[in-house]
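Here is work.txt, consisting of compact mmCIF, C-alpha atoms and all ligand atoms:
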# COMPACT_ATOMS: atom_id res chain seq x y z
CA MET A 8 0.00 0.00 0.00
CA SER A 9 1.48 3.35 -1.01
CA SER A 10 1.94 5.86 1.81
CA LYS A 11 -0.57 8.07 -0.04
CA ASN A 12 -3.28 5.56 0.85
CA HIS A 13 -2.11 4.93 4.40
CA PHE A 14 -3.49 7.09 7.25
CA ASP A 15 -3.02 7.33 11.01
CA HIS A 16 -6.80 7.12 11.39
CA ILE A 17 -9.68 6.25 9.11
CA VAL A 18 -13.18 7.26 10.18
CA LEU A 19 -16.01 5.24 8.63
CA GLY A 20 -19.16 7.37 8.27
CA VAL A 21 -18.88 11.17 8.22
CA GLY A 22 -22.21 12.00 9.86
CA SER A 23 -22.86 13.44 13.33
CA MET A 24 -20.20 11.57 15.30
CA GLY A 25 -17.79 10.79 12.45
CA SER A 26 -17.46 14.42 11.32
CA ALA A 27 -16.64 15.45 14.91
CA ALA A 28 -14.10 12.62 15.26
CA CYS A 29 -12.39 13.70 12.00
CA TYR A 30 -12.20 17.25 13.33
CA TYR A 31 -10.69 16.45 16.75
CA LEU A 32 -8.21 13.96 15.29
CA ALA A 33 -7.06 16.31 12.53
CA LYS A 34 -6.83 19.21 14.98
CA ARG A 35 -4.39 17.14 17.06
CA GLY A 36 -2.15 16.81 14.00
CA HIS A 37 -3.02 13.27 12.89
CA ARG A 38 -3.35 12.14 9.28
CA VAL A 39 -7.06 11.40 8.90
CA LEU A 40 -9.30 9.98 6.18
CA GLY A 41 -13.09 10.26 6.57
CA LEU A 42 -15.23 8.05 4.34
CA GLU A 43 -18.92 8.82 3.75
CA GLN A 44 -21.22 6.77 1.52
CA PHE A 45 -23.47 9.74 0.62
CA ASP A 46 -23.00 13.53 0.45
CA ILE A 47 -21.71 15.35 3.53
CA THR A 48 -25.11 15.76 5.18
CA HIS A 49 -28.03 13.92 3.67
CA GLU A 50 -31.48 12.79 4.72
CA LYS A 51 -31.03 9.00 4.63
CA GLY A 52 -29.47 8.54 8.08
CA SER A 53 -30.03 10.08 11.52
CA HIS A 54 -28.98 13.72 11.19
CA GLY A 55 -31.49 15.17 8.68
CA GLY A 56 -34.35 17.52 9.50
CA GLU A 57 -32.95 20.97 10.31
CA SER A 58 -32.88 21.03 14.14
CA ARG A 59 -32.00 18.98 17.24
CA ILE A 60 -32.84 19.79 20.87
CA ILE A 61 -30.00 20.23 23.36
CA ARG A 62 -30.78 20.12 27.10
CA LYS A 63 -28.99 19.23 30.31
CA ALA A 64 -31.56 18.01 32.89
CA TYR A 65 -31.17 14.56 31.41
CA PHE A 66 -34.08 12.33 32.42
CA GLU A 67 -32.64 9.42 30.42
CA HIS A 68 -29.70 8.99 32.88
CA PRO A 69 -27.93 11.63 35.02
CA ASP A 70 -24.52 10.10 34.18
CA TYR A 71 -24.79 11.85 30.81
CA ILE A 72 -24.65 15.29 32.46
CA PRO A 73 -20.84 15.59 32.79
CA LEU A 74 -20.66 14.69 29.08
CA LEU A 75 -23.30 17.34 28.34
CA GLU A 76 -21.35 19.99 30.26
CA ARG A 77 -18.37 19.19 28.04
CA ALA A 78 -20.56 19.14 24.91
CA TYR A 79 -21.93 22.62 25.69
CA HIS A 80 -18.37 23.87 26.14
CA LEU A 81 -17.20 22.30 22.87
CA TRP A 82 -20.19 23.62 20.87
CA ARG A 83 -19.37 27.12 22.15
CA GLU A 84 -15.69 26.68 21.31
CA LEU A 85 -16.48 25.49 17.77
CA GLU A 86 -18.83 28.43 17.25
CA GLU A 87 -16.20 30.89 18.43
CA GLN A 88 -13.41 29.34 16.37
CA THR A 89 -15.46 29.31 13.18
CA ASP A 90 -17.63 32.38 13.77
CA THR A 91 -20.68 30.20 13.05
CA GLN A 92 -23.85 30.00 15.14
CA LEU A 93 -24.86 26.37 15.65
CA TYR A 94 -26.65 26.59 19.04
CA PHE A 95 -29.79 28.69 19.63
CA LYS A 96 -30.74 29.19 23.26
CA THR A 97 -34.53 29.15 23.44
CA GLY A 98 -35.18 27.44 26.76
CA LEU A 99 -37.14 24.20 26.93
CA LEU A 100 -40.68 23.82 28.32
CA TYR A 101 -41.30 20.36 29.78
CA GLY A 102 -44.90 19.30 30.39
CA GLY A 103 -46.82 16.21 31.42
CA PRO A 104 -49.03 14.66 34.08
CA LYS A 105 -47.77 15.33 37.63
CA ASN A 106 -45.22 12.73 38.74
CA HIS A 107 -44.74 11.33 35.22
CA SER A 108 -41.38 9.51 35.10
CA VAL A 109 -40.00 11.95 32.47
CA LEU A 110 -40.71 14.99 34.67
CA SER A 111 -39.46 13.25 37.81
CA GLY A 112 -36.28 12.34 35.89
CA VAL A 113 -35.79 15.95 34.76
CA LYS A 114 -36.18 17.22 38.34
CA PHE A 115 -33.89 14.52 39.75
CA ALA A 116 -31.13 15.26 37.20
CA ALA A 117 -31.43 19.04 37.70
CA LYS A 118 -31.20 18.71 41.49
CA LYS A 119 -28.27 16.28 41.38
CA TYR A 120 -26.18 18.53 39.11
CA GLY A 121 -27.48 22.00 40.07
CA ILE A 122 -29.03 22.70 36.67
CA GLU A 123 -31.29 25.74 36.55
CA LEU A 124 -34.89 24.53 36.28
CA HIS A 125 -38.09 26.41 37.10
CA GLU A 126 -41.43 24.96 38.10
CA LEU A 127 -44.12 26.99 36.33
CA VAL A 128 -47.67 27.56 37.46
CA VAL A 129 -50.21 25.88 35.19
CA GLU A 130 -52.49 28.78 34.38
CA SER A 131 -55.87 28.85 32.71
CA SER A 132 -55.35 28.26 29.01
CA GLU A 133 -57.03 31.46 27.90
CA GLY A 134 -54.51 33.40 25.87
CA ASN A 135 -51.85 30.67 26.04
CA LEU A 136 -50.69 28.81 22.96
CA PHE A 137 -50.37 25.57 24.93
CA ARG A 138 -53.55 24.16 26.44
CA VAL A 139 -52.42 22.34 29.59
CA PRO A 140 -54.79 20.39 31.89
CA SER A 141 -54.74 21.37 35.57
CA ASP A 142 -53.32 17.96 36.60
CA TYR A 143 -50.17 18.59 34.50
CA GLU A 144 -46.93 20.11 35.70
CA LEU A 145 -44.72 22.45 33.69
CA LEU A 146 -40.96 22.90 34.06
CA PHE A 147 -38.65 25.29 32.25
CA GLU A 148 -34.93 24.78 31.58
CA PRO A 149 -33.55 28.17 30.42
CA ASP A 150 -30.18 26.91 29.13
CA ALA A 151 -31.69 24.46 26.66
CA GLY A 152 -32.28 25.15 22.99
CA PHE A 153 -31.60 23.69 19.58
CA LEU A 154 -28.67 22.93 17.29
CA LEU A 155 -28.44 22.94 13.49
CA PRO A 156 -27.28 19.39 12.65
CA GLU A 157 -26.46 19.73 8.95
CA LYS A 158 -24.61 23.01 9.44
CA ALA A 159 -22.71 21.54 12.40
CA ILE A 160 -21.60 18.49 10.40
CA ARG A 161 -20.47 20.70 7.52
CA THR A 162 -18.59 22.90 10.00
CA PHE A 163 -16.80 19.92 11.59
CA THR A 164 -15.95 18.52 8.15
CA ASN A 165 -14.69 21.81 6.72
CA GLN A 166 -12.60 22.47 9.82
CA ALA A 167 -11.20 18.92 9.69
CA LYS A 168 -10.09 19.68 6.12
CA VAL A 169 -8.51 22.95 7.28
CA TYR A 170 -6.40 20.83 9.66
CA GLY A 171 -5.43 18.51 6.79
CA ALA A 172 -8.01 15.71 6.93
CA GLU A 173 -9.03 14.07 3.67
CA ILE A 174 -12.80 13.63 3.46
CA ARG A 175 -14.25 11.47 0.71
CA ALA A 176 -18.00 11.76 0.18
CA ASN A 177 -19.99 9.30 -1.96
CA THR A 178 -17.50 6.57 -1.08
CA LYS A 179 -19.12 3.50 0.42
CA VAL A 180 -17.11 1.28 2.74
CA GLN A 181 -17.61 -2.33 1.69
CA GLY A 182 -15.59 -4.02 4.41
CA TRP A 183 -12.58 -3.82 6.70
CA LYS A 184 -10.13 -6.25 8.25
CA LEU A 185 -7.27 -6.33 10.72
CA LEU A 186 -3.91 -7.15 9.08
CA ASP A 187 -0.69 -7.90 10.99
CA HIS A 188 0.54 -4.29 11.05
CA ALA A 189 -2.43 -2.22 9.84
CA ILE A 190 -6.16 -2.20 9.20
CA GLN A 191 -7.43 -2.50 5.66
CA VAL A 192 -10.57 -0.69 4.48
CA ASP A 193 -12.18 -1.61 1.14
CA THR A 194 -14.38 1.01 -0.51
CA THR A 195 -16.07 1.76 -3.81
CA ALA A 196 -13.11 4.09 -4.50
CA GLY A 197 -10.31 1.64 -3.71
CA THR A 198 -8.47 0.25 -0.71
CA PHE A 199 -6.93 2.25 2.14
CA THR A 200 -5.01 1.28 5.26
CA CYS A 201 -4.59 2.85 8.68
CA ASP A 202 -3.14 2.32 12.14
CA ARG A 203 -6.45 2.98 13.95
CA LEU A 204 -10.03 2.64 12.73
CA LEU A 205 -13.07 4.53 14.04
CA ILE A 206 -16.52 3.21 13.09
CA THR A 207 -19.35 5.77 13.30
CA VAL A 208 -21.82 4.50 10.72
CA GLY A 209 -25.02 5.07 12.73
CA ALA A 210 -27.96 3.05 11.42
CA TRP A 211 -25.57 0.97 9.27
CA SER A 212 -23.51 -0.25 12.28
CA GLY A 213 -24.88 -3.80 12.01
CA LYS A 214 -23.71 -3.99 8.38
CA LEU A 215 -20.04 -3.24 9.14
CA LEU A 216 -19.99 -4.76 12.64
CA PRO A 217 -21.61 -8.22 12.61
CA MET A 218 -21.15 -8.45 16.42
CA VAL A 219 -23.36 -5.35 16.83
CA GLU A 220 -26.13 -6.57 14.51
CA PRO A 221 -28.02 -8.67 17.14
CA HIS A 222 -28.08 -5.72 19.57
CA LEU A 223 -29.05 -2.91 17.18
CA LYS A 224 -32.62 -1.96 16.29
CA VAL A 225 -32.97 0.60 13.48
CA THR A 226 -36.36 2.32 13.36
CA ARG A 227 -38.09 4.69 10.97
CA GLN A 228 -39.16 8.02 12.47
CA VAL A 229 -41.31 10.77 11.01
CA LEU A 230 -40.90 14.55 11.34
CA SER A 231 -43.51 17.07 10.23
CA TRP A 232 -43.70 20.84 9.75
CA TYR A 233 -46.76 23.07 10.15
CA LYS A 234 -47.80 26.58 9.18
CA PRO A 235 -48.44 28.48 12.43
CA ALA A 236 -51.81 30.23 12.65
CA PHE A 237 -50.08 33.21 14.34
CA PRO A 238 -46.53 33.21 12.94
CA SER A 239 -45.27 35.97 15.23
CA ALA A 240 -46.18 33.91 18.36
CA PHE A 241 -43.85 31.08 17.28
CA GLU A 242 -40.89 33.28 16.40
CA LEU A 243 -37.42 32.50 17.64
CA GLY A 244 -36.89 34.55 20.78
CA LYS A 245 -40.57 34.35 21.74
CA PHE A 246 -41.44 30.64 21.64
CA PRO A 247 -39.27 27.93 23.30
CA CYS A 248 -38.45 24.37 22.36
CA TRP A 249 -40.83 22.03 24.20
CA LEU A 250 -41.11 18.39 25.25
CA PHE A 251 -44.31 16.81 26.59
CA ALA A 252 -45.11 13.40 28.05
CA GLU A 253 -48.69 12.21 27.71
CA PRO A 254 -50.71 9.85 29.92
CA ASP A 255 -50.84 6.23 28.68
CA CYS A 256 -48.58 7.01 25.74
CA PRO A 257 -44.96 5.85 25.58
CA GLY A 258 -42.28 8.31 24.46
CA VAL A 259 -42.52 12.11 24.30
CA PHE A 260 -43.80 14.74 21.88
CA TYR A 261 -41.53 17.69 21.15
CA GLY A 262 -41.26 20.76 18.97
CA PHE A 263 -39.39 23.90 18.06
CA PRO A 264 -40.01 27.59 17.44
CA SER A 265 -40.08 28.70 13.82
CA MET A 266 -36.66 28.86 12.19
CA LYS A 267 -37.39 32.09 10.34
CA GLY A 268 -34.22 34.15 10.24
CA VAL A 269 -31.92 31.27 11.21
CA SER A 270 -30.72 31.10 7.61
CA SER A 271 -31.86 32.38 4.24
CA GLU A 272 -33.48 28.98 3.51
CA THR A 273 -35.49 28.61 6.71
CA SER A 274 -39.16 29.58 6.91
CA ASN A 275 -41.66 30.39 9.62
CA GLU A 276 -42.97 26.82 9.76
CA VAL A 277 -42.73 24.91 13.04
CA LYS A 278 -41.52 21.33 13.46
CA VAL A 279 -43.38 18.88 15.71
CA ALA A 280 -42.37 15.25 16.27
CA TYR A 281 -42.97 12.17 18.41
CA HIS A 282 -39.98 10.46 20.05
CA HIS A 283 -40.99 6.81 20.38
CA ALA A 284 -39.91 3.29 19.43
CA GLY A 285 -40.91 3.57 15.75
CA ILE A 286 -41.11 0.79 13.19
CA LYS A 287 -38.11 -1.50 12.68
CA THR A 288 -36.48 -1.07 9.30
CA ASP A 289 -33.38 -1.81 7.22
CA PRO A 290 -31.40 1.41 6.58
CA ASP A 291 -30.98 0.47 2.90
CA HIS A 292 -34.70 -0.19 2.37
CA VAL A 293 -36.61 2.49 4.26
CA ASP A 294 -40.19 3.33 3.30
CA ARG A 295 -39.79 7.12 2.84
CA HIS A 296 -43.44 7.68 2.01
CA VAL A 297 -45.28 9.27 4.95
CA GLU A 298 -48.88 8.08 5.47
CA LYS A 299 -51.65 9.80 7.43
CA ASP A 300 -51.42 7.03 10.07
CA ASP A 301 -47.74 7.88 10.72
CA LEU A 302 -48.84 11.25 12.08
CA ALA A 303 -52.08 10.31 13.86
CA LEU A 304 -50.61 10.67 17.37
CA VAL A 305 -48.81 13.94 16.56
CA HIS A 306 -52.04 15.39 15.20
CA GLU A 307 -53.94 14.20 18.28
CA PHE A 308 -51.30 15.92 20.46
CA ILE A 309 -51.66 19.17 18.48
CA ARG A 310 -55.46 18.96 18.74
CA ARG A 311 -55.26 18.52 22.54
CA HIS A 312 -52.46 20.93 23.41
CA LEU A 313 -51.93 23.43 20.59
CA PRO A 314 -55.43 23.93 19.17
CA GLY A 315 -55.64 26.99 17.01
CA GLY A 316 -51.92 27.68 17.29
CA ILE A 317 -50.70 25.32 14.61
CA GLY A 318 -52.36 25.10 11.23
CA GLU A 319 -51.96 23.02 8.11
CA MET A 320 -49.08 20.56 7.67
CA SER A 321 -46.62 21.73 5.03
CA GLU A 322 -43.99 18.99 4.92
CA SER A 323 -42.99 15.62 6.38
CA LYS A 324 -39.78 13.58 6.28
CA THR A 325 -38.38 10.30 7.58
CA CYS A 326 -35.24 9.81 9.67
CA LEU A 327 -33.62 6.79 11.41
CA TYR A 328 -33.04 5.94 15.06
CA SER A 329 -30.41 3.32 15.99
CA TYR A 330 -31.48 1.79 19.28
CA SER A 331 -29.17 -0.12 21.57
CA PRO A 332 -30.97 -2.62 23.85
CA ASP A 333 -30.96 -0.21 26.86
CA GLU A 334 -31.29 2.97 24.72
CA HIS A 335 -27.90 4.22 25.94
CA PHE A 336 -24.94 4.87 23.65
CA VAL A 337 -21.97 2.60 23.06
CA ILE A 338 -18.64 4.46 22.91
CA ASP A 339 -15.66 2.16 23.37
CA HIS A 340 -12.90 0.13 21.81
CA LEU A 341 -14.28 -2.77 19.82
CA PRO A 342 -13.75 -5.83 22.06
CA GLY A 343 -11.18 -8.25 20.64
CA TYR A 344 -9.29 -5.74 18.46
CA LYS A 345 -6.45 -4.71 20.81
CA ALA A 346 -7.58 -1.07 21.08
CA LYS A 347 -7.05 -0.59 17.33
CA VAL A 348 -10.73 -0.12 16.53
CA CYS A 349 -13.12 2.33 18.24
CA VAL A 350 -16.87 2.27 17.84
CA ALA A 351 -19.71 4.67 18.62
CA TRP A 352 -23.22 3.36 17.94
CA GLY A 353 -26.70 3.05 19.47
CA PHE A 354 -27.41 6.76 19.85
CA SER A 355 -31.06 5.74 20.31
CA GLY A 356 -32.64 8.98 19.08
CA HIS A 357 -30.90 11.31 21.56
CA GLY A 358 -27.27 11.54 20.44
CA PHE A 359 -26.83 14.68 18.36
CA LYS A 360 -26.35 17.13 21.23
CA PHE A 361 -23.30 15.05 22.28
CA ALA A 362 -21.58 15.06 18.86
CA PRO A 363 -18.50 17.16 19.82
CA VAL A 364 -17.87 15.32 23.07
CA VAL A 365 -18.27 11.97 21.30
CA GLY A 366 -15.78 13.17 18.66
CA GLU A 367 -13.36 14.21 21.38
CA ILE A 368 -13.73 10.91 23.27
CA LEU A 369 -13.17 8.92 20.08
CA ALA A 370 -10.06 10.97 19.36
CA ASP A 371 -8.84 10.24 22.92
CA LEU A 372 -9.52 6.49 22.63
CA ALA A 373 -7.90 6.22 19.20
CA THR A 374 -4.77 8.21 20.07
CA THR A 375 -4.08 7.40 23.74
CA GLY A 376 -6.20 4.29 24.34
CA GLN A 377 -8.19 6.02 27.10
CA THR A 378 -10.21 9.10 27.98
CA ALA A 379 -10.61 11.20 31.10
CA LEU A 380 -14.30 11.67 30.35
CA PRO A 381 -16.68 9.39 32.32
CA ILE A 382 -17.92 6.87 29.75
CA GLY A 383 -17.77 3.66 31.80
CA PHE A 384 -21.56 3.29 31.63
CA LEU A 385 -21.38 3.33 27.81
CA ASN A 386 -19.04 0.33 27.50
CA ALA A 387 -19.36 -2.13 24.63
CA ASN A 388 -19.40 -5.30 26.74
CA ARG A 389 -22.61 -4.68 28.62
CA PHE A 390 -24.91 -6.61 26.26
CA GLU A 391 -22.78 -9.77 26.27
CA LYS A 392 -24.14 -12.47 28.58
C1 LIG B 1 -36.15 12.37 13.84
C2 LIG B 1 -34.96 12.48 14.75
C3 LIG B 1 -34.97 13.44 15.75
C4 LIG B 1 -33.88 13.52 16.64
N1 LIG B 1 -33.89 14.50 17.60
C5 LIG B 1 -32.80 14.65 18.40
C6 LIG B 1 -32.73 15.75 19.30
O1 LIG B 1 -33.65 16.57 19.37
N2 LIG B 1 -31.61 15.87 20.06
C7 LIG B 1 -30.57 14.98 19.97
O2 LIG B 1 -29.59 15.16 20.70
N3 LIG B 1 -30.61 13.95 19.11
C8 LIG B 1 -31.69 13.76 18.32
N4 LIG B 1 -31.74 12.75 17.42
C9 LIG B 1 -30.67 11.74 17.40
C10 LIG B 1 -29.44 12.16 16.66
O3 LIG B 1 -29.76 12.86 15.49
C11 LIG B 1 -28.65 10.88 16.37
O4 LIG B 1 -28.41 10.22 17.61
C12 LIG B 1 -27.32 11.18 15.70
O5 LIG B 1 -27.52 11.91 14.51
C13 LIG B 1 -26.61 9.86 15.40
O6 LIG B 1 -25.38 10.15 14.79
P1 LIG B 1 -24.56 9.05 14.00
O7 LIG B 1 -23.25 9.66 13.68
O8 LIG B 1 -24.61 7.76 14.77
O9 LIG B 1 -25.41 8.78 12.67
P2 LIG B 1 -25.42 9.65 11.30
O10 LIG B 1 -25.40 11.09 11.57
O11 LIG B 1 -26.53 9.10 10.47
O12 LIG B 1 -24.02 9.28 10.65
C14 LIG B 1 -23.69 8.00 10.19
C15 LIG B 1 -23.04 8.18 8.83
O13 LIG B 1 -22.40 6.97 8.44
C16 LIG B 1 -22.55 6.86 7.03
N5 LIG B 1 -22.33 5.47 6.62
C17 LIG B 1 -23.04 4.39 6.98
N6 LIG B 1 -22.56 3.27 6.38
C18 LIG B 1 -21.51 3.66 5.63
C19 LIG B 1 -20.61 2.97 4.77
N7 LIG B 1 -20.70 1.64 4.56
N8 LIG B 1 -19.64 3.67 4.14
C20 LIG B 1 -19.53 5.03 4.34
N9 LIG B 1 -20.39 5.74 5.13
C21 LIG B 1 -21.35 5.06 5.77
C22 LIG B 1 -23.99 7.31 6.82
O14 LIG B 1 -24.28 7.61 5.47
C23 LIG B 1 -24.09 8.49 7.76
O15 LIG B 1 -23.77 9.71 7.11
C24 LIG B 1 -32.80 12.63 16.52
C25 LIG B 1 -32.79 11.68 15.48
C26 LIG B 1 -33.86 11.62 14.59
C27 LIG B 1 -33.82 10.58 13.50

Would it be possible to restate this file's structure as structure tokens?
Amino acid sequence: MSSKNHFDHIVLGVGSMGSAACYYLAKRGHRVLGLEQFDITHEKGSHGGESRIIRKAYFEHPDYIPLLERAYHLWRELEEQTDTQLYFKTGLLYGGPKNHSVLSGVKFAAKKYGIELHELVVESSEGNLFRVPSDYELLFEPDAGFLLPEKAIRTFTNQAKVYGAEIRANTKVQGWKLLDHAIQVDTTAGTFTCDRLLITVGAWSGKLLPMVEPHLKVTRQVLSWYKPAFPSAFELGKFPCWLFAEPDCPGVFYGFPSMKGVSSETSNEVKVAYHHAGIKTDPDHVDRHVEKDDLALVHEFIRRHLPGGIGEMSESKTCLYSYSPDEHFVIDHLPGYKAKVCVAWGFSGHGFKFAPVVGEILADLATTGQTALPIGFLNANRFEK
């Protein structure tokens, strides 16, 4: 293999986590190749759809909070270094029946880590956009907001290139293997070798990592956008991000203010979605057609809680979740590969906000074999009996 095709690190999949890993590795002076099967940002994986919520009072597991503190710091640092706004602080309104496990989890996490969280009074609905029953509670996390996923991935990728990384889009990885003194990666654009391999292929993890396949569940998710009845009420700066749990309904509903003014392409439509298990699918054969039934629960939520505020649907899209069995991430060395291969998979529909810290951890693991960040609970061995 010519030295031209040999790299210190090859990153498979330049999406949310892979683009960040390319950036932190290249910034540390390593020779990096990033391989992406589609364009840099696309709508076939897990990062499409314009916006992602970022929040700290993490009801999923408080052990994520130190990683979130670092992620907030790294998002700010990236914004400052590139003079690019990626994070929009809107605050996040949590709602749901009193004592619902999501709200209890938010309060528990906020208390444990001293995160600012306000309990709001549920007022009569007259004049409010949200109609909230009197047996609900409302919480507000001021430091939460949303990120721009496609712009963030392009920023990581462009900056990685500035630091010398080679990024090849539309180059599908067909397989990889450990040789005596290197790792070989076969792609549609030829063969490359490296000293360390990082695998961040999201919904396709089972295809390149047969040992992950039995533990990974890829599901199809639907996002939809609506024309607000009173556009000014939903404007950025006036309307927060929100996340509601409903009685007798698994998962949570969530939404965003309008993105008008965020970029020249964004409009005053508002996105609403349902975070839930979804329907199992194969990432290469996803039904992208959105049926009325796909949105029945979202429309029921809007009818109950945002009547009159949100009007006609203007657009809908599909996106993929990659569930691990316990819905927590896996960030680790691949067991059995002598610390030469790192993996990050199973982001289970809540990973984007962590992208920079995951990139930094992967860069730590690949270059030094360890990280100072607390990721023990995300180890790769936990599903093995
Ligand atoms: C509808 C929806 C809403 C979400 N909302 C939130 C939210 O509000 N907040 C939040 O924090 N998270 C949210 N998430 C989750 C978050 O977006 C994901 O956890 C995150 O994007 C996963 O990143 P990833 O790098 O694993 O996958 P991706 O970003 O999809 O990257 C994987 C990349 O690998 C590439 N790849 C795969 N196979 C190959 C191959 N053989 N060769 C080359 N390249 C390959 C893919 O094309 C892809 O670009 C949401 C996800 C969805 C779908």

Top pick for closest residue to Val129 of chain A, considering A:Phe115, A:Tyr31, A:Phe147, A:Phe95 and counting all atoms listed in the file: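 Nearest to Val129 of chain A: A:Phe147.
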
Separation of atom CA of Ala27 of chain A from atom CA of Phe163 of chain A in Å: 5.6 Å

Residue contacts of Leu100 of chain A (12 Å, only C-alpha atoms) excluding same-chain residues fewer than 3 positions away, as a PyMOL selection string: chain A and resi 60+62+64+97+103+110+113+124-127+129+137+139+144-152+246-252+260-264

Would you save the residues from that selection as a short mmCIF file (atom, residue, chain, number, x, y, z; two decimals), in the frame of the given file, using C-alpha atoms?
data_model
loop_
_atom_site.label_atom_id
_atom_site.label_comp_id
_atom_site.auth_asym_id
_atom_site.auth_seq_id
_atom_site.Cartn_x
_atom_site.Cartn_y
_atom_site.Cartn_z
CA ILE A 60 -32.84 19.79 20.87
CA ARG A 62 -30.78 20.12 27.10
CA ALA A 64 -31.56 18.01 32.89
CA THR A 97 -34.53 29.15 23.44
CA GLY A 103 -46.82 16.21 31.42
CA LEU A 110 -40.71 14.99 34.67
CA VAL A 113 -35.79 15.95 34.76
CA LEU A 124 -34.89 24.53 36.28
CA HIS A 125 -38.09 26.41 37.10
CA GLU A 126 -41.43 24.96 38.10
CA LEU A 127 -44.12 26.99 36.33
CA VAL A 129 -50.21 25.88 35.19
CA PHE A 137 -50.37 25.57 24.93
CA VAL A 139 -52.42 22.34 29.59
CA GLU A 144 -46.93 20.11 35.70
CA LEU A 145 -44.72 22.45 33.69
CA LEU A 146 -40.96 22.90 34.06
CA PHE A 147 -38.65 25.29 32.25
CA GLU A 148 -34.93 24.78 31.58
CA PRO A 149 -33.55 28.17 30.42
CA ASP A 150 -30.18 26.91 29.13
CA ALA A 151 -31.69 24.46 26.66
CA GLY A 152 -32.28 25.15 22.99
CA PHE A 246 -41.44 30.64 21.64
CA PRO A 247 -39.27 27.93 23.30
CA CYS A 248 -38.45 24.37 22.36
CA TRP A 249 -40.83 22.03 24.20
CA LEU A 250 -41.11 18.39 25.25
CA PHE A 251 -44.31 16.81 26.59
CA ALA A 252 -45.11 13.40 28.05
CA PHE A 260 -43.80 14.74 21.88
CA TYR A 261 -41.53 17.69 21.15
CA GLY A 262 -41.26 20.76 18.97
CA PHE A 263 -39.39 23.90 18.06
CA PRO A 264 -40.01 27.59 17.44
#

Within 12 Å of Lys245 of chain A using all atoms listed in the file, minus same-chain residues under 4 positions, as a list in words: Lys96, Thr97, Gly98, Leu99, Leu136, Pro238, Ser239, Ala240, Phe241, Phe263, Pro264, Ser265 and Met266 of chain A

Using only C-alpha atoms: which of A:Gly209, A:Pro104, A:Pro73, A:Gly268 has the shortest distance to Gln44 of chain A: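 Closest candidate: A:Gly209.
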
Test item: axis-aligned box, all listed atoms of ligand LIG 1 (chain B), 3 Å on each side, centre and edges in Å rounded to one decimal, as AutoDock Vina command-line options:
--center_x -27.8 --center_y 9.1 --center_z 12.4 --size_x 22.6 --size_y 20.9 --size_z 22.6

Nearby residues (all atoms listed in the file) at most 12 Å from Thr374 of chain A, same-chain spacing under 6 positions excluded, as a list of chain:residue names: A:Asp15, A:His16, A:Ala28, A:Tyr31, A:Leu32, A:Ala33, A:Arg35, A:Gly36, A:His37, A:Arg38, A:Val39, A:Asp202, A:Arg203, A:Leu204, A:Leu205, A:His340, A:Ala346, A:Lys347, A:Val348, A:Cys349, A:Glu367, A:Ile368

Selection from above, C-alpha atoms, as an mmCIF file, in the frame of the given file, can you write it?
data_model
loop_
_atom_site.group_PDB
_atom_site.id
_atom_site.type_symbol
_atom_site.label_atom_id
_atom_site.label_comp_id
_atom_site.auth_asym_id
_atom_site.auth_seq_id
_atom_site.Cartn_x
_atom_site.Cartn_y
_atom_site.Cartn_z
ATOM 1 C CA ASP A 15 -3.020 7.330 11.010
ATOM 2 C CA HIS A 16 -6.800 7.120 11.390
ATOM 3 C CA ALA A 28 -14.100 12.620 15.260
ATOM 4 C CA TYR A 31 -10.690 16.450 16.750
ATOM 5 C CA LEU A 32 -8.210 13.960 15.290
ATOM 6 C CA ALA A 33 -7.060 16.310 12.530
ATOM 7 C CA ARG A 35 -4.390 17.140 17.060
ATOM 8 C CA GLY A 36 -2.150 16.810 14.000
ATOM 9 C CA HIS A 37 -3.020 13.270 12.890
ATOM 10 C CA ARG A 38 -3.350 12.140 9.280
ATOM 11 C CA VAL A 39 -7.060 11.400 8.900
ATOM 12 C CA ASP A 202 -3.140 2.320 12.140
ATOM 13 C CA ARG A 203 -6.450 2.980 13.950
ATOM 14 C CA LEU A 204 -10.030 2.640 12.730
ATOM 15 C CA LEU A 205 -13.070 4.530 14.040
ATOM 16 C CA HIS A 340 -12.900 0.130 21.810
ATOM 17 C CA ALA A 346 -7.580 -1.070 21.080
ATOM 18 C CA LYS A 347 -7.050 -0.590 17.330
ATOM 19 C CA VAL A 348 -10.730 -0.120 16.530
ATOM 20 C CA CYS A 349 -13.120 2.330 18.240
ATOM 21 C CA GLU A 367 -13.360 14.210 21.380
ATOM 22 C CA ILE A 368 -13.730 10.910 23.270
#

Residue nearest Val109 of chain A among A:Pro254, A:Gly197, A:Gly55, A:Gly315 (counting all atoms listed in the file):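 Between A:Pro254, A:Gly197, A:Gly55, A:Gly315, the residue approaching Val109 of chain A most closely is A:Pro254.
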
Interatomic distance, atom CA of Ser323 of chain A to atom CA of Trp82 of chain A (Å, one decimal):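 Atom CA of Trp82 of chain A lies at a distance of 28.2 Å from atom CA of Ser323 of chain A.
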
6 Å contact set for segment 281-288 of chain A, all atoms listed in the file, chain neighbours under 5 positions out, as an MDAnalysis selection string: chainID A and resid 225:228 258:260

Separation of atom CA of Ala176 of chain A from atom CA of Ala196 of chain A in Å: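 A separation of 10.2 Å between them.
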
Residue neighbourhood Thr325 of chain A, 9 Å, all atoms listed in the file, exclusion window fewer than 4 positions, as a PyMOL selection string: chain A and resi 50-51+55-56+227-231+293-297

Minimum-distance residue to ligand LIG 1 (chain B), chosen among A:Ala116, A:Leu313, A:Met218, A:Val365 (using all atoms listed in the file):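 Using all atoms listed in the file, the shortest distance to ligand LIG 1 (chain B) belongs to A:Val365.
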